[in-house]
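A.B. asks: Quick one: the structure is below, questions incoming.
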Amino acid sequence: MKYQTLYLMIRVMVQSDHQDIANTVNEVETQAAFSLTDTPAVKILETEILLTRVRNVKNINHGTQS
C-alpha cells in the first residue's frame with residue numbers, strides 16, 4: 001500500500017447567526033466536521049483544514065435578486 005498526501009480545495013456556503021465573519025470562520029474551523037469516506041481502494045487516514053479564505057462580502061449573492 002502506498003501513502004500519499006492529497007490537497008483538496010472545497011467551497012462551503014454557510015448561513016450564520018454571527019455578526020462578525022471572524023467568529024463564523026472560527027466556529028467552522030474549530031467545531032464543524034468535514035467528512036470523506038473510504039473507497040474500496042482508498043482508506044482516508046486524516047483530514048485537516050489548511051487554509052480558510054473569505055470572499056469579499058460585497059461579491060456574495062444574498063438571494064435578493066428577482
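How things are named: the first chain in the C-alpha cells is A, the next is B, and so on; residues count from 1 in each chain; ligands count from 1 in the order shown.
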Segment 39-45 of chain A: which residues within 10 Å, counting only C-alpha atoms, same-chain residues fewer than 3 positions away excluded, as a list in words?
C.D. replies: Met1, Lys2, Tyr3, Thr5, Ser35 and Leu36 of chain A
A.B. asks: So that I have them on file, write out the residues from the current selection with C-alpha atoms, as a PDB file, in the first residue's frame.
C.D. replies:
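Full text of selection-v6.pdb as output:
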```pdb
ATOM      1  CA  MET A   1       0.000   0.000   0.000  1.00  0.00           C
ATOM      2  CA  LYS A   2       1.323   3.463  -0.921  1.00  0.00           C
ATOM      3  CA  TYR A   3       0.842   6.524   1.346  1.00  0.00           C
ATOM      4  CA  THR A   5      -0.966  13.292   0.516  1.00  0.00           C
ATOM      5  CA  SER A  35     -16.042  14.048   6.212  1.00  0.00           C
ATOM      6  CA  LEU A  36     -14.574  11.895   3.467  1.00  0.00           C
TER       7      LEU A  36
END
```
A.B. asks: Check the DSSP output for the backbone and give back, as number ranges by chain, the residues of chain A in alpha helix (DSSP H).
C.D. replies: A: 21-31
A.B. asks: For the selection you just gave me, I'd like the residues written to a file as an mmCIF file, in the first residue's frame, keeping N, CA and C atoms.
C.D. replies:
```
data_model
loop_
_atom_site.group_PDB
_atom_site.id
_atom_site.type_symbol
_atom_site.label_atom_id
_atom_site.label_comp_id
_atom_site.auth_asym_id
_atom_site.auth_seq_id
_atom_site.Cartn_x
_atom_site.Cartn_y
_atom_site.Cartn_z
ATOM 1 N N ILE A 21 -17.688 37.967 10.634
ATOM 2 C CA ILE A 21 -17.233 36.833 9.830
ATOM 3 C C ILE A 21 -16.117 36.057 10.535
ATOM 4 N N ALA A 22 -15.298 36.742 11.319
ATOM 5 C CA ALA A 22 -14.214 36.062 12.035
ATOM 6 C C ALA A 22 -14.773 35.016 13.004
ATOM 7 N N ASN A 23 -15.880 35.317 13.656
ATOM 8 C CA ASN A 23 -16.494 34.357 14.571
ATOM 9 C C ASN A 23 -17.064 33.156 13.818
ATOM 10 N N THR A 24 -17.631 33.408 12.647
ATOM 11 C CA THR A 24 -18.142 32.320 11.825
ATOM 12 C C THR A 24 -17.005 31.404 11.387
ATOM 13 N N VAL A 25 -15.927 32.001 10.898
ATOM 14 C CA VAL A 25 -14.774 31.212 10.456
ATOM 15 C C VAL A 25 -14.210 30.403 11.616
ATOM 16 N N ASN A 26 -14.051 31.026 12.765
ATOM 17 C CA ASN A 26 -13.512 30.332 13.933
ATOM 18 C C ASN A 26 -14.388 29.143 14.321
ATOM 19 N N GLU A 27 -15.696 29.343 14.320
ATOM 20 C CA GLU A 27 -16.592 28.251 14.706
ATOM 21 C C GLU A 27 -16.521 27.098 13.705
ATOM 22 N N VAL A 28 -16.484 27.412 12.416
ATOM 23 C CA VAL A 28 -16.395 26.358 11.407
ATOM 24 C C VAL A 28 -15.068 25.610 11.544
ATOM 25 N N GLU A 29 -13.977 26.348 11.708
ATOM 26 C CA GLU A 29 -12.664 25.709 11.811
ATOM 27 C C GLU A 29 -12.520 24.841 13.055
ATOM 28 N N THR A 30 -13.151 25.233 14.150
ATOM 29 C CA THR A 30 -12.945 24.508 15.405
ATOM 30 C C THR A 30 -14.030 23.481 15.727
ATOM 31 N N GLN A 31 -15.246 23.643 15.160
ATOM 32 C CA GLN A 31 -16.334 22.770 15.585
ATOM 33 C C GLN A 31 -17.018 21.993 14.468
#
```
A.B. asks: So how many Å separate atom CA of Gln4 of chain A and atom CA of Arg53 of chain A, to one decimal?
C.D. replies: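 Value for the atom CA of Gln4 of chain A-atom CA of Arg53 of chain A distance: 25.0 Å.
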A.B. asks: I'd like the contact shell of Phe34 of chain A - 9 Å cut-off, only C-alpha atoms, skipping same-chain residues fewer than 3 positions apart - returned as a list in words.
C.D. replies: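 In the requested format, the answer is Thr47, Glu48 and Ile49 of chain A.
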